[in-house]
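Shown below: work26.cif, with mmCIF, C-alpha atoms.
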```
data_final
loop_
_atom_site.label_atom_id
_atom_site.label_comp_id
_atom_site.auth_asym_id
_atom_site.auth_seq_id
_atom_site.Cartn_x
_atom_site.Cartn_y
_atom_site.Cartn_z
CA MET A 1465 123.34 149.65 145.54
CA GLU A 1466 124.57 146.95 147.87
CA PHE A 1467 122.50 146.10 150.94
CA THR A 1468 123.91 146.61 154.40
CA ASN A 1469 124.18 143.53 156.62
CA ARG A 1470 120.94 144.47 158.38
CA GLU A 1471 119.09 145.03 155.10
CA MET A 1472 120.33 141.70 153.76
CA LYS A 1473 119.04 140.02 156.92
CA VAL A 1474 115.60 141.58 156.43
CA TRP A 1475 115.66 140.61 152.73
CA ASN A 1476 116.38 137.00 153.67
CA GLU A 1477 113.65 137.05 156.32
CA ILE A 1478 111.15 138.25 153.72
CA ASN A 1479 112.22 135.51 151.29
CA GLU A 1480 111.85 132.88 154.01
CA TRP A 1481 108.41 134.23 154.96
CA GLN A 1482 107.46 134.23 151.27
CA GLU A 1483 108.50 130.59 150.85
CA ASN A 1484 106.39 129.64 153.87
CA LEU A 1485 103.39 131.27 152.17
CA TYR A 1486 103.99 129.33 148.95
CA GLN A 1487 104.42 126.04 150.81
CA TYR A 1488 101.41 126.47 153.09
CA GLU A 1489 99.16 123.41 152.79
CA PRO A 1490 95.43 123.98 153.33
CA THR A 1491 93.55 121.47 155.42
CA ASP A 1492 90.84 119.25 153.96
CA LEU A 1493 88.30 121.33 155.86
CA ALA A 1494 89.62 124.55 154.26
CA ALA A 1495 89.43 122.99 150.78
CA LEU A 1496 85.87 121.86 151.48
CA TYR A 1497 84.99 125.33 152.72
CA ASP A 1498 86.39 126.92 149.53
CA LYS A 1499 84.34 124.54 147.41
CA TRP A 1500 81.19 125.26 149.43
CA LEU A 1501 81.73 129.03 149.16
CA GLU A 1502 82.30 128.86 145.43
CA GLN A 1503 79.21 126.70 144.91
CA GLY A 1504 77.14 129.03 147.06
CA PHE A 1505 78.03 132.06 144.93
CA SER A 1506 77.59 130.09 141.70
CA LEU A 1507 73.88 129.80 142.53
CA LEU A 1508 73.58 133.56 142.02
CA PRO A 1509 73.25 134.92 138.46
CA GLU A 1510 76.56 136.26 137.11
CA ASN A 1511 75.22 139.80 136.76
CA VAL A 1512 74.12 139.78 140.42
CA GLN A 1513 77.57 138.55 141.50
CA GLN A 1514 79.24 141.23 139.38
CA GLN A 1515 77.06 144.00 140.81
CA PHE A 1516 77.67 142.80 144.37
CA PHE A 1517 81.46 142.74 144.07
CA ASP A 1518 81.55 145.99 142.08
CA LYS A 1519 79.65 147.74 144.87
CA LEU A 1520 81.93 146.17 147.49
CA ASP A 1521 85.03 147.32 145.59
CA THR A 1522 83.60 150.83 145.28
CA TRP A 1523 82.80 150.93 149.01
CA LEU A 1524 86.35 149.87 149.91
CA PHE A 1525 87.87 152.44 147.53
CA HIS A 1526 85.78 155.29 148.95
CA LEU A 1527 86.54 154.15 152.50
CA HIS A 1528 90.27 154.14 151.72
CA ALA A 1529 90.03 157.66 150.27
CA MET A 1530 88.04 158.88 153.28
CA VAL A 1531 90.56 157.46 155.76
CA GLN A 1532 93.52 158.77 153.75
CA SER A 1533 92.15 162.32 153.61
CA SER A 1534 90.95 162.43 157.23
CA GLN A 1535 92.56 164.88 159.65
CA ILE A 1536 93.60 161.98 161.88
CA GLN A 1537 95.59 160.43 159.04
CA ILE A 1538 97.08 163.78 158.00
CA ASP A 1539 98.23 164.29 161.60
CA ALA A 1540 99.64 160.75 161.66
CA ARG A 1541 101.63 161.51 158.50
CA GLU A 1542 103.18 164.53 160.24
CA ARG A 1543 104.01 162.39 163.28
CA ILE A 1544 105.78 159.89 161.02
CA LEU A 1545 107.90 162.70 159.57
CA ALA A 1546 108.56 164.12 163.04
CA SER A 1547 109.70 160.68 164.24
CA ALA A 1548 111.96 160.39 161.18
CA ARG A 1549 113.55 163.80 161.90
CA VAL A 1550 114.66 162.49 165.29
CA PHE A 1551 117.03 160.24 163.32
CA ASN A 1552 117.77 162.65 160.45
CA GLU A 1553 116.83 166.33 160.63
CA GLU A 1554 117.11 166.72 156.83
CA ILE A 1555 113.91 164.73 156.19
CA GLU A 1556 111.13 166.91 154.80
CA THR A 1557 108.86 164.55 152.85
CA LEU A 1558 108.03 160.84 152.82
CA GLY A 1559 110.28 160.52 149.80
CA ASP A 1560 113.21 161.32 152.11
CA MET A 1561 112.52 158.28 154.31
CA ASN A 1562 115.10 156.34 152.30
CA LEU A 1563 117.74 158.35 154.17
CA LEU A 1564 116.97 156.24 157.25
CA SER A 1565 118.29 152.79 158.01
CA MET A 1566 116.05 149.71 157.92
CA ASP A 1567 116.07 149.49 161.72
CA GLN A 1568 114.93 153.10 162.01
CA LEU A 1569 112.11 152.56 159.49
CA ASN A 1570 111.05 149.37 161.28
CA TYR A 1571 110.99 151.23 164.59
CA ILE A 1572 108.62 153.88 163.21
CA ALA A 1573 106.38 151.30 161.51
CA ASN A 1574 106.29 149.02 164.56
CA GLN A 1575 105.02 151.87 166.74
CA HIS A 1576 101.93 152.22 164.53
CA ILE A 1577 101.50 148.46 164.18
CA ALA A 1578 101.50 147.91 167.95
CA LYS A 1579 99.07 150.79 168.48
CA HIS A 1580 96.57 149.55 165.91
CA ARG A 1581 96.73 145.96 167.11
CA LEU A 1582 95.76 147.34 170.49
CA TYR A 1583 92.91 149.32 168.89
CA SER A 1584 91.63 146.12 167.27
CA PHE A 1585 91.89 144.22 170.55
CA ALA A 1586 89.92 146.95 172.33
CA GLN A 1587 87.35 147.17 169.51
CA GLY A 1588 86.79 143.42 169.73
CA GLY A 1589 86.36 143.59 173.49
CA ILE A 1590 83.82 146.40 173.16
CA SER A 1591 81.84 144.54 170.49
CA GLY A 1592 81.87 141.44 172.70
CA SER A 1593 80.53 143.27 175.73
CA GLY A 1594 77.96 145.59 174.18
CA GLY A 1595 74.62 145.22 172.49
CA LEU A 1596 73.59 144.64 168.88
CA LEU A 1597 74.52 148.19 167.84
CA LEU A 1598 78.14 147.78 168.92
CA LEU A 1599 78.28 144.31 167.40
CA GLY A 1600 76.89 145.59 164.10
CA SER A 1601 79.47 148.37 163.93
CA ASP A 1602 82.36 145.97 164.45
CA LEU A 1603 83.00 145.04 160.79
CA PRO A 1604 83.06 148.67 159.49
CA ALA A 1605 85.25 149.69 162.44
CA MET A 1606 87.68 146.83 161.81
CA THR A 1607 87.84 147.66 158.10
CA VAL A 1608 88.77 151.27 158.93
CA ILE A 1609 91.37 150.22 161.51
CA ASN A 1610 93.07 147.80 159.12
CA ILE A 1611 92.99 150.10 156.08
CA ARG A 1612 94.50 152.81 158.26
CA THR A 1613 97.17 150.38 159.48
CA VAL A 1614 98.22 149.57 155.90
CA GLN A 1615 98.38 153.27 155.00
CA LEU A 1616 100.56 154.08 158.02
CA ILE A 1617 102.92 151.20 157.29
CA ALA A 1618 103.22 152.38 153.68
CA MET A 1619 104.05 155.92 154.80
CA SER A 1620 106.55 154.64 157.38
CA TYR A 1621 108.58 153.13 154.53
CA GLY A 1622 108.32 156.28 152.40
CA PHE A 1623 105.35 155.53 150.15
CA GLU A 1624 102.62 158.12 149.71
CA VAL A 1625 99.09 156.69 149.54
CA ASN A 1626 97.32 159.59 147.84
CA THR A 1627 98.01 158.71 144.18
CA PRO A 1628 95.68 156.39 142.21
CA PHE A 1629 98.43 153.78 141.89
CA GLU A 1630 99.41 153.74 145.57
CA MET A 1631 95.77 153.83 146.72
CA MET A 1632 94.97 150.72 144.69
CA VAL A 1633 98.14 148.93 145.79
CA ALA A 1634 97.39 149.70 149.46
CA LEU A 1635 93.84 148.36 149.03
CA LYS A 1636 95.17 145.18 147.45
CA VAL A 1637 97.64 144.79 150.32
CA PHE A 1638 94.78 145.16 152.83
CA ASN A 1639 92.71 142.68 150.83
CA ALA A 1640 95.55 140.14 150.70
CA GLY A 1641 96.39 140.53 154.39
CA ALA A 1642 92.77 139.84 155.31
CA MET A 1643 92.75 136.62 153.27
CA PRO A 1644 93.26 133.22 154.89
CA LYS A 1645 96.89 132.02 154.90
CA ARG A 1646 96.32 129.46 152.15
CA LEU A 1647 95.43 132.25 149.67
CA GLN A 1648 98.05 134.82 150.66
CA GLY A 1649 100.83 133.25 148.58
CA ILE A 1650 98.97 133.81 145.31
CA ALA A 1651 98.00 137.36 146.36
CA TRP A 1652 101.63 138.14 147.28
CA GLU A 1653 102.88 136.88 143.92
CA GLU A 1654 100.32 139.00 142.05
CA LEU A 1655 101.25 142.12 144.02
CA ILE A 1656 104.98 141.67 143.46
CA HIS A 1657 104.40 141.08 139.74
CA GLU A 1658 102.25 144.21 139.58
CA ILE A 1659 104.81 146.56 141.14
CA GLN A 1660 107.65 145.10 139.05
CA THR A 1661 105.79 145.48 135.75
CA ALA A 1662 103.93 148.75 136.43
CA GLU A 1663 104.31 151.17 133.51
CA ASP A 1664 103.12 154.20 135.49
CA ASP A 1665 103.76 154.90 139.18
CA TYR A 1666 101.03 157.55 139.39
CA PHE A 1667 98.01 156.27 137.47
CA TYR A 1668 96.85 152.72 138.10
CA LEU A 1669 96.68 150.70 134.87
CA GLY A 1670 96.26 147.19 136.28
CA ILE A 1671 93.29 145.03 137.21
CA GLU A 1672 91.01 147.01 139.52
CA GLU A 1673 89.08 144.03 140.88
CA LEU A 1674 89.58 143.68 144.62
CA THR A 1675 86.97 141.30 145.97
CA ASN A 1676 85.72 137.91 144.79
CA PRO A 1677 84.06 134.87 146.41
CA THR A 1678 87.30 133.78 148.14
CA TRP A 1679 87.61 137.20 149.84
CA MET A 1680 84.19 136.66 151.44
CA GLU A 1681 85.70 134.30 154.00
CA GLN A 1682 86.70 137.21 156.23
CA PRO A 1683 83.18 138.73 156.46
CA LEU A 1684 81.80 135.23 157.07
CA LYS A 1685 84.32 134.79 159.89
CA GLN A 1686 83.10 138.06 161.33
CA LEU A 1687 79.54 136.74 161.13
CA LEU A 1688 80.58 133.55 162.93
CA LYS A 1689 82.31 135.65 165.57
CA ALA A 1690 79.12 137.71 166.01
CA LEU A 1691 77.07 134.53 166.48
CA SER A 1692 79.55 133.20 169.04
CA ILE A 1693 79.47 136.49 170.93
CA THR A 1694 75.67 136.45 170.93
CA VAL A 1695 75.61 132.89 172.29
CA PHE A 1696 78.12 133.53 175.07
CA ARG A 1697 77.01 137.03 176.02
CA GLN A 1698 74.65 135.58 178.61
CA LYS A 1699 77.48 133.62 180.25
CA LEU A 1700 78.38 136.16 182.91
CA VAL A 1701 81.14 136.03 185.51
CA ARG A 1702 80.46 138.62 188.20
CA GLY A 1703 78.15 140.39 185.80
CA ILE A 1704 80.73 140.60 182.96
CA PRO A 1705 80.58 138.50 179.74
CA PHE A 1706 84.25 137.53 179.81
CA ILE A 1707 83.91 134.75 177.20
CA SER A 1708 82.26 136.94 174.55
CA ILE A 1709 84.77 139.74 175.25
CA ALA A 1710 87.65 137.27 174.79
CA ILE A 1711 86.17 135.97 171.51
CA GLY A 1712 85.75 139.48 170.09
CA ALA A 1713 89.14 140.78 171.24
CA GLY A 1714 91.03 137.67 170.12
CA ALA A 1715 89.45 137.50 166.66
CA ASN A 1716 89.99 141.19 165.94
CA TYR A 1717 93.59 141.11 167.17
CA GLN A 1718 94.40 138.13 164.93
CA MET A 1719 92.92 139.87 161.89
CA THR A 1720 94.98 143.04 162.40
CA ARG A 1721 98.05 140.95 163.16
CA SER A 1722 97.68 139.17 159.82
CA VAL A 1723 97.04 142.38 157.86
CA SER A 1724 99.88 144.31 159.49
CA GLU A 1725 102.39 141.47 159.08
CA PHE A 1726 101.58 141.11 155.37
CA ALA A 1727 101.69 144.89 154.83
CA GLN A 1728 105.01 145.32 156.63
CA LYS A 1729 106.67 142.52 154.64
CA PHE A 1730 105.33 144.00 151.40
CA TYR A 1731 106.51 147.56 152.02
CA GLN A 1732 109.86 146.37 153.37
CA TYR A 1733 110.24 144.42 150.14
CA ARG A 1734 109.33 147.46 148.02
CA TYR A 1735 111.75 149.69 149.94
CA LEU A 1736 114.59 147.23 149.45
CA LEU A 1737 113.67 146.58 145.83
CA GLU A 1738 113.75 150.30 145.02
CA LYS A 1739 117.01 150.76 146.90
CA LYS A 1740 118.53 147.92 144.91
CA ALA A 1741 117.26 149.42 141.63
CA ASP A 1742 118.66 152.87 142.51
CA GLY A 1743 122.08 151.32 142.89
#
```

Serialized structure, structure tokens:
Amino acid sequence: MEFTNREMKVWNEINEWQENLYQYEPTDLAALYDKWLEQGFSLLPENVQQQFFDKLDTWLFHLHAMVQSSQIQIDARERILASARVFNEEIETLGDMNLLSMDQLNYIANQHIAKHRLYSFAQGGISGSGGLLLLGSDLPAMTVINIRTVQLIAMSYGFEVNTPFEMMVALKVFNAGAMPKRLQGIAWEELIHEIQTAEDDYFYLGIEELTNPTWMEQPLKQLLKALSITVFRQKLVRGIPFISIAIGAGANYQMTRSVSEFAQKFYQYRYLLEKKADG
């Protein structure tokens, strides 16, 4: 099937964005950081490393399943379908989302993206203004917010997230979006290869590994953010720790911005790829 002019424009935008990922040059400091991180984990016995990342992968998988099956997410799915019916009353399931134009799909997805970026901003501000309990809950809260964002973007473009295959793909998209820019090009390439060569669109038959030493940069950034918030929390302006609030809100917003941008490009690409194949 031939793309419309608007779809071709989006396709070209994705290709341009993809090329920018491939051409991204890490700084010397980033390369040094990667080397330091790898050396740090190499000090641990291999079986300890394996157990650590296996448990982390399991935690992320269960968290994804919990978010996906929550009443909040079920209600959000119905709201996506209700929004779609405003444009086309024949839509009954997410599989019917391909009846909408790219602009209509983007409109629905962008509503959820904007809302969850705001949630992240607010979560960061709260963690920057509160005590140790709020600060300690920031990483789990941000993980839930960003996993939920990826799921909603997937559903906005007509992809269910309740099959083993789609659950694993969504987790890998979240994982890739949370990576630093210099590593996203490789993750993007692996994801595209995986969906193009998948033998089964229900059961997942690929590599189930999600996390590794390079993925640990995001949690370490969160730790650095927590230390910065702790240092600046005592710097009050009229009794309010504005600096620590700004650090928390800004860092969380940037993380969700990165995850949501990556996820939207990926599911736009899948939508267009499937439309092209159907033709």

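For the structure shown here, the set of residues caught by the PyMOL selection byres ((chain A and resi 1740) around 12) is Met1465, Glu1466, Phe1467, Thr1468, Glu1471, Met1472, Trp1475, Asn1562, Tyr1733, Arg1734, Tyr1735, Leu1736, Leu1737, Glu1738, Lys1739, Ala1741, Asp1742 and Gly1743 of chain A.
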
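Of the residues under consideration (A:Thr1720, A:Ser1534, A:Gln1728, A:Gln1686), A:Gln1686 shows the shortest atom-to-atom contact distance to Gly1600 of chain A when counting all atoms listed in the file.
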
Around all listed atoms of segment 1612-1616 of chain A, padded 8 Å per side, what centre and edge lengths does the axis-aligned box have in Å to one decimal, as AutoDock Vina command-line options?
```
--center_x 97.5 --center_y 151.8 --center_z 157.2 --size_x 22.1 --size_y 20.5 --size_z 20.5
```

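Atom pair atom CA of Ile1709 of chain A / atom CA of Leu1599 of chain A: separated by 11.2 Å.
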
Answer key for the PyMOL selection byres ((chain A and resi 1566) around 9), residues as JSON, numbers by chain: {"A": [1470, 1471, 1474, 1562, 1564, 1565, 1567, 1568, 1569, 1570, 1571, 1621, 1732, 1736]}

Neighbour residues at most 12 Å from (93.9, 146.5, 147.4) (all atoms listed in the file) as an MDAnalysis selection string: chainID A and resid 1520:1522 1524:1525 1527:1528 1610:1611 1614:1615 1625 1628:1643 1651:1652 1654:1655 1658 1668 1670:1675 1679 1723 1727

Pick from A:Gln1514, A:Ser1620, A:Thr1627, A:Asn1574 nearest to Gly1559 of chain A, counting only C-alpha atoms: A:Ser1620

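Here atom CA of Ser1724 of chain A is placed at a distance of 6.5 Å from atom CA of Ile1577 of chain A.
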
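Separating atom CA of Glu1556 of chain A from atom CA of Arg1581 of chain A is a distance of 28.2 Å.
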
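Once the PyMOL selection byres ((chain A and resi 1549) around 12) is applied to the depicted file, the selected set reads Glu1542, Arg1543, Ile1544, Leu1545, Ala1546, Ser1547, Ala1548, Val1550, Phe1551, Asn1552, Glu1553, Glu1554, Ile1555, Glu1556, Thr1557, Leu1558, Asp1560, Met1561, Leu1563, Leu1564, Gln1568, Leu1569 and Ile1572 of chain A.
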
Neighbours of point (82.5, 141.2, 174.7) within 6 Å, using only C-alpha atoms, written as an mmCIF file with C-alpha atoms, in the frame of the given file:
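Written output follows (selection_16.cif):
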```cif
data_model
loop_
_atom_site.group_PDB
_atom_site.id
_atom_site.type_symbol
_atom_site.label_atom_id
_atom_site.label_comp_id
_atom_site.auth_asym_id
_atom_site.auth_seq_id
_atom_site.Cartn_x
_atom_site.Cartn_y
_atom_site.Cartn_z
ATOM 1 C CA GLY A 1589 86.360 143.590 173.490
ATOM 2 C CA ILE A 1590 83.820 146.400 173.160
ATOM 3 C CA SER A 1591 81.840 144.540 170.490
ATOM 4 C CA GLY A 1592 81.870 141.440 172.700
ATOM 5 C CA SER A 1593 80.530 143.270 175.730
ATOM 6 C CA SER A 1708 82.260 136.940 174.550
ATOM 7 C CA ILE A 1709 84.770 139.740 175.250
ATOM 8 C CA GLY A 1712 85.750 139.480 170.090
#
```

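Residue nearest Pro1683 of chain A, chosen from A:Gln1587, A:Asn1716, A:Leu1603, A:Leu1616 and counting only C-alpha atoms: A:Leu1603.
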
Selection near Ala1713 of chain A, 6 Å with only C-alpha atoms, sequence-local residues under 2 positions removed, as a list in words: Phe1585, Gly1588, Gly1589, Ala1710, Ile1711, Ala1715 and Asn1716 of chain A

Contacts of Phe1696 of chain A at 8 Å (all atoms listed in the file; same-chain gap of 4+ positions) as an MDAnalysis selection string: chainID A and resid 1692 1705 1707:1708

Let me see the file: selected residues, C-alpha atoms, as an mmCIF file, in the coordinates of the input.
```
data_model
loop_
_atom_site.group_PDB
_atom_site.id
_atom_site.type_symbol
_atom_site.label_atom_id
_atom_site.label_comp_id
_atom_site.auth_asym_id
_atom_site.auth_seq_id
_atom_site.Cartn_x
_atom_site.Cartn_y
_atom_site.Cartn_z
ATOM 1 C CA SER A 1692 79.550 133.200 169.040
ATOM 2 C CA PRO A 1705 80.580 138.500 179.740
ATOM 3 C CA ILE A 1707 83.910 134.750 177.200
ATOM 4 C CA SER A 1708 82.260 136.940 174.550
#
```

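Nearest to Leu1647 of chain A of all the residues A:Ile1478, A:Tyr1486, A:Gln1575, A:Phe1623 is A:Tyr1486, counting all atoms listed in the file.
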
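Closest approach to Arg1721 of chain A from the set A:Leu1582, A:Ala1540, A:Leu1485, A:Val1608 is made by A:Leu1582, with distances taken over all atoms listed in the file.
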